[in-house]
Amino acid sequence: MARWLNIENDIKKLVNQITGFQEGEENFGLCVQFALTNLKFHRFLSVDSHKVTKSLNGMLEKFEIHSQLEKKNSLQRLCDQFLSTPCFEGRDTGKTDTHYSLLLLLLNIGENPTHAAYTEKPQVLKVPEVVDDFDWGAYLREGEETYSTIYADSDSESDWDPLSDEETIVPVGPKPVEENSDNGVVDPSLSAITVDATTFCVEEEPDPRESGTTWLTRNVTVQYWCGQNRPEEIHSTENLKKDWERYREATDPIYSNHNNITVSEIQLLREVLWILGGVADSFVFILHGEEFIVRENVFVQHLTDNSLESYLSCFAKYGSCVHRLLCFEEESICGSCDLSITDPNSLTCQTYQAFANAISNFIKSLRKELTIIEKKIIQQEQTMTLAMLHGDLSLWLKKIEVLHSVYIRGVREADWLVNNCQRASYLLSVLFDTVVEYDTLGQNASDITELLIPLWIQTTKPYIEVIDEWITNGNLVDPRAEFILKRNENVKSLDESFWETAFTIHVPADSVLPDEVQQSQHTTRSTDNSKSSRGSNSVQLSQHAQTIMDNRSQRGSNSIDKTKGSSHWAPEFLEPVILEVVLAGKSMEMLQDLGKLADVCGVNKEKSLYMSFLESLQDLLGTRPHDDFAEALPPEISMYPEQIDRQMKMKGIFDPLLKINFMNIFHSCNVRLQGSIDEEEQDSKMLSILETERLQPVNLVLRKCLYPHISQKYYRVCTRLVQILKEEYRLMGYLAAMRHFFLMEAGDTMFDFYTPIFDKIRLNSHWRDISTVNLILQEALQTHYPEETSRLYVSIEELPEDRRPINITDCIKLHYKVPWPVDVVISSKCQAIYNQIFTFLLQVKRAKYCLDELRFCDLEKDLGLQSHSGTEFSLHLDEDMPREGRIHRMHVLRMRLTYFVNSLHNYIMTRILHSTGIEFKQDLEKAKDLDQIIAIHNKYVNTIHERCLLHKMVKLLKQAVMNVLNLILNFQALWDEGIHEISLKTIEGMEIEFSRCILFLSTFLNNVIKRGSFPHLESLAFALVTSTEHLTKGRAHVT
């Protein structure tokens, strides 16, 4: 009954807390009755111990299947202990329902136990302290007499006499009182004396063996640094050393130990700890330049000279390493604060400063460990020797060696580099290679990896922040010129060459580089001149990356150490995404110039790239348990001054919105101030709690933690820029206009443009007037493209005097006004290539037009004149073939020329322009960034330029085609003169020249097609071979 009464009281409190009803109310009673009913008469089944045991066995079997035997054994042992413990239901045995209920609860709330990290904590049993209540004082004083002096009462003051008559010395203690031997009565004088507060007990004081000066001299450390030796003790146990010294003096007449200084091992240990902590002024170790050397006349009485020297030399080596690291830290601080230096390459780069800061954090941790050891040595409660100290510090000494090796290879060996960009990239590459090297060792180097990972991440912070500011806000803030690119201030943002020349790679002069690097750079430059498929920065970056990959494949993984110049152009860990970084940065700056920065930045401030990298690392690797990370934040300091509020009240201004704005301004200042102070501490804490034991391969970590953030910003920025160019600046429309006019895809408009010019040339009229040609162009555009009249115009250039008839139209140059930023894609260089193609197409169009415009009446004119003076003309021509035969030969030759020029025209307009244009449009749809658009457009223009026989490799082929086209113009001139002016010899000469050109072209094209060099020429070769079949058959018939 008492049990249910307690539950009823608890239920009343529960109902009161949940519902707020007070006792005595009707609703309160109903709620209590409902709860009690459910508790007393519930339908919940009791726990089934067999099912719990079965579930537990299943869990143990799962652990065994997953090879987690440690978890299985621990769980089985703890469950057996728990079930056998009698602690529930008032029983003295275990395995009660309460035991199984708790086990069932734990099994149900367990979530994915096979993937949980479990480390069993050792159980420390609290042993009660034993209180020693034994009276050691009474035990030690047993058998000794203690006397007390009792002072009698006195009214007068007198000098104190220790043996005056009024004082009586009585024994105090268990000594019995003496009795009178005669009558056995106690002496009344003794019995009257009682011990009270006025009793003074005189105890026996031991005589001091030594004075205070002697004790102080014995306990103060001997000033061995002043040449003093430790005094020999009377009961010294160091007899072996003395015997050895006497032996050496007896055997070696030159030996003398008067200048030798003997120190204790504790003093040596402290000297070792001091130099490892960075103290340069030491007695045992002498600093010679950057190296610590051991003083020769220092000895320890229980160690031989060789043993002592081996230990101290080892510690001196590591002390020298620490000294160099501290000197580098000091140089970094001094080199970054010199305001008199204006050249950024002469100042210490921020990457070196970050590396020095990481070294400083490591030295602080080392000093904390050394301080703990030194306190133990001072207390002298534990034995400590040089060998034991070396064993305790073995891990720290290994870390010092690795860190010093990184400093030597990454900083000292990079002194020959001339600018901060190369120095920073070289240091980051060396650090990255060191991390990869120790990461491949696995668990054997887990402690070193735990040191190198935070060190490398902290060192990369300035470089990542430069990248973050550039690809996030469009500002290349690089005060120490350590980024791979630099801004060319001579190139304005509105220049058409902005994308190619606004940013240049930090490349030093060839005179300061090794020969191998110079050869690599010259190769890169020659390749850049021959390729224009991408921007200049993109070509250089890709060429540098390809050079590095080739060097590594030839020299192995240690090419950085063996060959300078192959890894200092960019940090190795950024090479897979360096092109995306450059493209995103240039795109952000172009968006900033376009005023579209808000489209990609947004209103809310994003996390920095470095913080996103750290958070991704924490998500991937996990964190160790920590106590000091989630500390209470300091109270926020209000920076809103009361003077502003007072001034507003004095002037009668009661504007709540103005006050809110003032408070927001000062609050933002406060947030920035606190953020700048706590950011570095927060970064160090986040790095210190990383769980490096779960570290995956470093390249995989970068692909999961750093590269996705860069790629995400690259995709967002570049796709937005491409979208703006296509939608708001009509990029596709301008590209279509270039194809319509320069490549003559707008056939009707361009036909209206060039036919009047061709007619004037045929009639020998004056046509090379810029106003006349532009007027013809404007009239042609007005019909179909009236909006292009203000953008497209023509210029007339001078021609050489030795020109051929087919080259008379080469003076016509089209110009299209492309606005910014579209001129970044359609640059003046591209328009120059477009004009070369336009000139060639104009020549083909002219040849075709000339053949199409020939009339039979023009060939057979002046027949009446020939009938009156036929004898004179026949004598003049001296021909055996009659007039009708020559006309027939001219008609046949015209058909052959027409077939050739139509085949060439169809090949150019369909196989080249149309097919290549379709591929160009498909590639533009897939382009993700502006650099790809520029590359696709340049590739498209260069492909057409090459397939129109304008490349240097097909110079002979173009010359043969030009001969045929020039022959067509000559043929048209003869046709216009009439058949009476055409001799048989002239006709045969044109036929022979045309046949030679056709045979050469067909033979050349067949050989090229068989090699597979130019597959696009297959259709043209087939047409030419068909036109020469009658020649081949005729030759075979004659043979």
# chains A, B, ... in the order shown; residues from 1 in each chain; ligands from 1
$ select_by_dssp --residues "range 754-971 of chain A" --states "strand (DSSP E)" --output "PyMOL selection string"
chain A and resi 792-796+812-816
$ write_last_selection --atoms "all heavy atoms" --output "JSON list (two decimals), in the first residue's frame"
[["chain", "number", "residue", "atom", "x", "y", "z"],
["A", 792, "LEU", "N", 28.05, 46.84, -89.34],
["A", 792, "LEU", "CA", 28.87, 46.25, -90.39],
["A", 792, "LEU", "C", 29.26, 47.33, -91.40],
["A", 792, "LEU", "O", 28.41, 48.09, -91.88],
["A", 792, "LEU", "CB", 28.10, 45.13, -91.09],
["A", 792, "LEU", "CG", 28.87, 44.27, -92.08],
["A", 792, "LEU", "CD1", 29.97, 43.49, -91.38],
["A", 792, "LEU", "CD2", 27.93, 43.32, -92.82],
["A", 793, "TYR", "N", 30.54, 47.38, -91.72],
["A", 793, "TYR", "CA", 31.03, 48.32, -92.73],
["A", 793, "TYR", "C", 32.25, 47.71, -93.41],
["A", 793, "TYR", "O", 32.78, 46.69, -92.99],
["A", 793, "TYR", "CB", 31.38, 49.68, -92.12],
["A", 793, "TYR", "CG", 32.52, 49.66, -91.13],
["A", 793, "TYR", "CD1", 33.82, 49.97, -91.53],
["A", 793, "TYR", "CD2", 32.31, 49.33, -89.81],
["A", 793, "TYR", "CE1", 34.87, 49.95, -90.65],
["A", 793, "TYR", "CE2", 33.35, 49.30, -88.89],
["A", 793, "TYR", "CZ", 34.63, 49.61, -89.33],
["A", 793, "TYR", "OH", 35.67, 49.59, -88.44],
["A", 794, "VAL", "N", 32.68, 48.38, -94.52],
["A", 794, "VAL", "CA", 33.74, 47.85, -95.38],
["A", 794, "VAL", "C", 34.87, 48.87, -95.45],
["A", 794, "VAL", "O", 34.64, 50.09, -95.43],
["A", 794, "VAL", "CB", 33.22, 47.56, -96.80],
["A", 794, "VAL", "CG1", 34.32, 47.01, -97.70],
["A", 794, "VAL", "CG2", 32.07, 46.58, -96.75],
["A", 795, "SER", "N", 36.10, 48.33, -95.52],
["A", 795, "SER", "CA", 37.28, 49.17, -95.76],
["A", 795, "SER", "C", 38.01, 48.64, -96.99],
["A", 795, "SER", "O", 37.94, 47.45, -97.29],
["A", 795, "SER", "CB", 38.21, 49.18, -94.55],
["A", 795, "SER", "OG", 38.73, 47.89, -94.31],
["A", 796, "ILE", "N", 38.68, 49.55, -97.70],
["A", 796, "ILE", "CA", 39.42, 49.21, -98.92],
["A", 796, "ILE", "C", 40.91, 49.38, -98.62],
["A", 796, "ILE", "O", 41.35, 50.44, -98.16],
["A", 796, "ILE", "CB", 39.02, 50.09, -100.10],
["A", 796, "ILE", "CG1", 37.50, 50.00, -100.34],
["A", 796, "ILE", "CG2", 39.77, 49.68, -101.36],
["A", 796, "ILE", "CD1", 37.01, 48.63, -100.70],
["A", 812, "ILE", "N", 38.99, 44.16, -100.27],
["A", 812, "ILE", "CA", 37.75, 44.36, -99.53],
["A", 812, "ILE", "C", 37.87, 43.69, -98.15],
["A", 812, "ILE", "O", 38.10, 42.48, -98.07],
["A", 812, "ILE", "CB", 36.55, 43.80, -100.30],
["A", 812, "ILE", "CG1", 36.44, 44.46, -101.68],
["A", 812, "ILE", "CG2", 35.27, 43.97, -99.52],
["A", 812, "ILE", "CD1", 35.35, 43.89, -102.55],
["A", 813, "LYS", "N", 37.70, 44.44, -97.10],
["A", 813, "LYS", "CA", 37.76, 43.94, -95.73],
["A", 813, "LYS", "C", 36.48, 44.34, -94.99],
["A", 813, "LYS", "O", 36.13, 45.51, -94.94],
["A", 813, "LYS", "CB", 38.97, 44.48, -94.97],
["A", 813, "LYS", "CG", 40.31, 44.14, -95.62],
["A", 813, "LYS", "CD", 40.57, 42.63, -95.62],
["A", 813, "LYS", "CE", 41.90, 42.31, -96.28],
["A", 813, "LYS", "NZ", 42.14, 40.84, -96.37],
["A", 814, "LEU", "N", 35.83, 43.32, -94.44],
["A", 814, "LEU", "CA", 34.64, 43.57, -93.64],
["A", 814, "LEU", "C", 35.04, 43.88, -92.19],
["A", 814, "LEU", "O", 36.02, 43.34, -91.66],
["A", 814, "LEU", "CB", 33.72, 42.36, -93.64],
["A", 814, "LEU", "CG", 32.92, 42.09, -94.92],
["A", 814, "LEU", "CD1", 32.07, 40.85, -94.74],
["A", 814, "LEU", "CD2", 32.05, 43.28, -95.27],
["A", 815, "HIS", "N", 34.27, 44.74, -91.54],
["A", 815, "HIS", "CA", 34.48, 45.09, -90.14],
["A", 815, "HIS", "C", 33.13, 45.08, -89.43],
["A", 815, "HIS", "O", 32.15, 45.65, -89.93],
["A", 815, "HIS", "CB", 35.13, 46.46, -90.00],
["A", 815, "HIS", "CG", 36.48, 46.55, -90.66],
["A", 815, "HIS", "ND1", 37.63, 46.11, -90.06],
["A", 815, "HIS", "CD2", 36.84, 47.03, -91.89],
["A", 815, "HIS", "CE1", 38.66, 46.31, -90.88],
["A", 815, "HIS", "NE2", 38.20, 46.86, -92.00],
["A", 816, "TYR", "N", 33.13, 44.44, -88.29],
["A", 816, "TYR", "CA", 31.89, 44.33, -87.51],
["A", 816, "TYR", "C", 32.14, 44.91, -86.12],
["A", 816, "TYR", "O", 33.06, 44.49, -85.42],
["A", 816, "TYR", "CB", 31.44, 42.87, -87.41],
["A", 816, "TYR", "CG", 30.05, 42.69, -86.88],
["A", 816, "TYR", "CD1", 28.94, 42.88, -87.70],
["A", 816, "TYR", "CD2", 29.82, 42.35, -85.56],
["A", 816, "TYR", "CE1", 27.66, 42.72, -87.23],
["A", 816, "TYR", "CE2", 28.54, 42.17, -85.06],
["A", 816, "TYR", "CZ", 27.46, 42.37, -85.91],
["A", 816, "TYR", "OH", 26.19, 42.22, -85.44]]
$ residues_around --residues "Gln836 in chain A" --least-positions-apart "2" --cutoff "9 Å" --atoms "only C-alpha atoms" --output "list in words"
Asp810, Lys813, Gln831, Ala832, Ile833, Tyr834, Phe838, Thr839, Phe840, Leu841, His945 and Leu950 of chain A
$ residues_around --residues "range 269-278 of chain A" --least-positions-apart "6" --cutoff "6 Å" --atoms "only C-alpha atoms" --output "list in words"
Gly319, His323 and Arg367 of chain A
$ atom_distance --atom1 "CA of Leu395 in chain A" --atom2 "CA of Val279 in chain A"
20.6 Å
$ residues_around --residues "range 284-290 of chain A" --least-positions-apart "4" --cutoff "12 Å" --atoms "only C-alpha atoms" --output "number ranges by chain"
A: 224-227, 261-265, 267-276, 278-280, 294-300, 308-309, 312-328
$ closest_residue --among "A:Gln382, A:Asn419, A:Asn357, A:Asn938" --to "Leu735 in chain A" --atoms "only C-alpha atoms"
A:Asn938
$ residues_around --residues "Asp593 in chain A" --least-positions-apart "4" --cutoff "9 Å" --atoms "only C-alpha atoms" --output "number ranges by chain"
A: 493-494, 588-589, 597
$ closest_residue --among "A:Ile837, A:Leu725, A:Ile770, A:Ile484" --to "Met738 in chain A" --atoms "only C-alpha atoms"
A:Ile837
$ closest_residue --among "A:Asp281, A:Glu801, A:Glu787, A:Glu977" --to "Glu860 in chain A" --atoms "only C-alpha atoms"
A:Glu977
$ residues_around --residues "range 462-475 of chain A" --least-positions-apart "5" --cutoff "7 Å" --atoms "only C-alpha atoms" --output "JSON, numbers by chain"
{"A": [350, 351, 483, 581, 584, 585, 588, 589, 592, 601, 608, 609, 610]}
$ atom_distance --atom1 "CA of Asn906 in chain A" --atom2 "CA of Ile808 in chain A"
23.1 Å
$ closest_residue --among "A:Phe362, A:Tyr311, A:Tyr714, A:Tyr734" --to "Lys399 in chain A" --atoms "only C-alpha atoms"
A:Phe362
$ residues_around --residues "Arg804 in chain A" --least-positions-apart "2" --cutoff "12 Å" --atoms "only C-alpha atoms" --output "PyMOL selection string"
chain A and resi 799-802+806-810+843+962-963+965-967+969-970
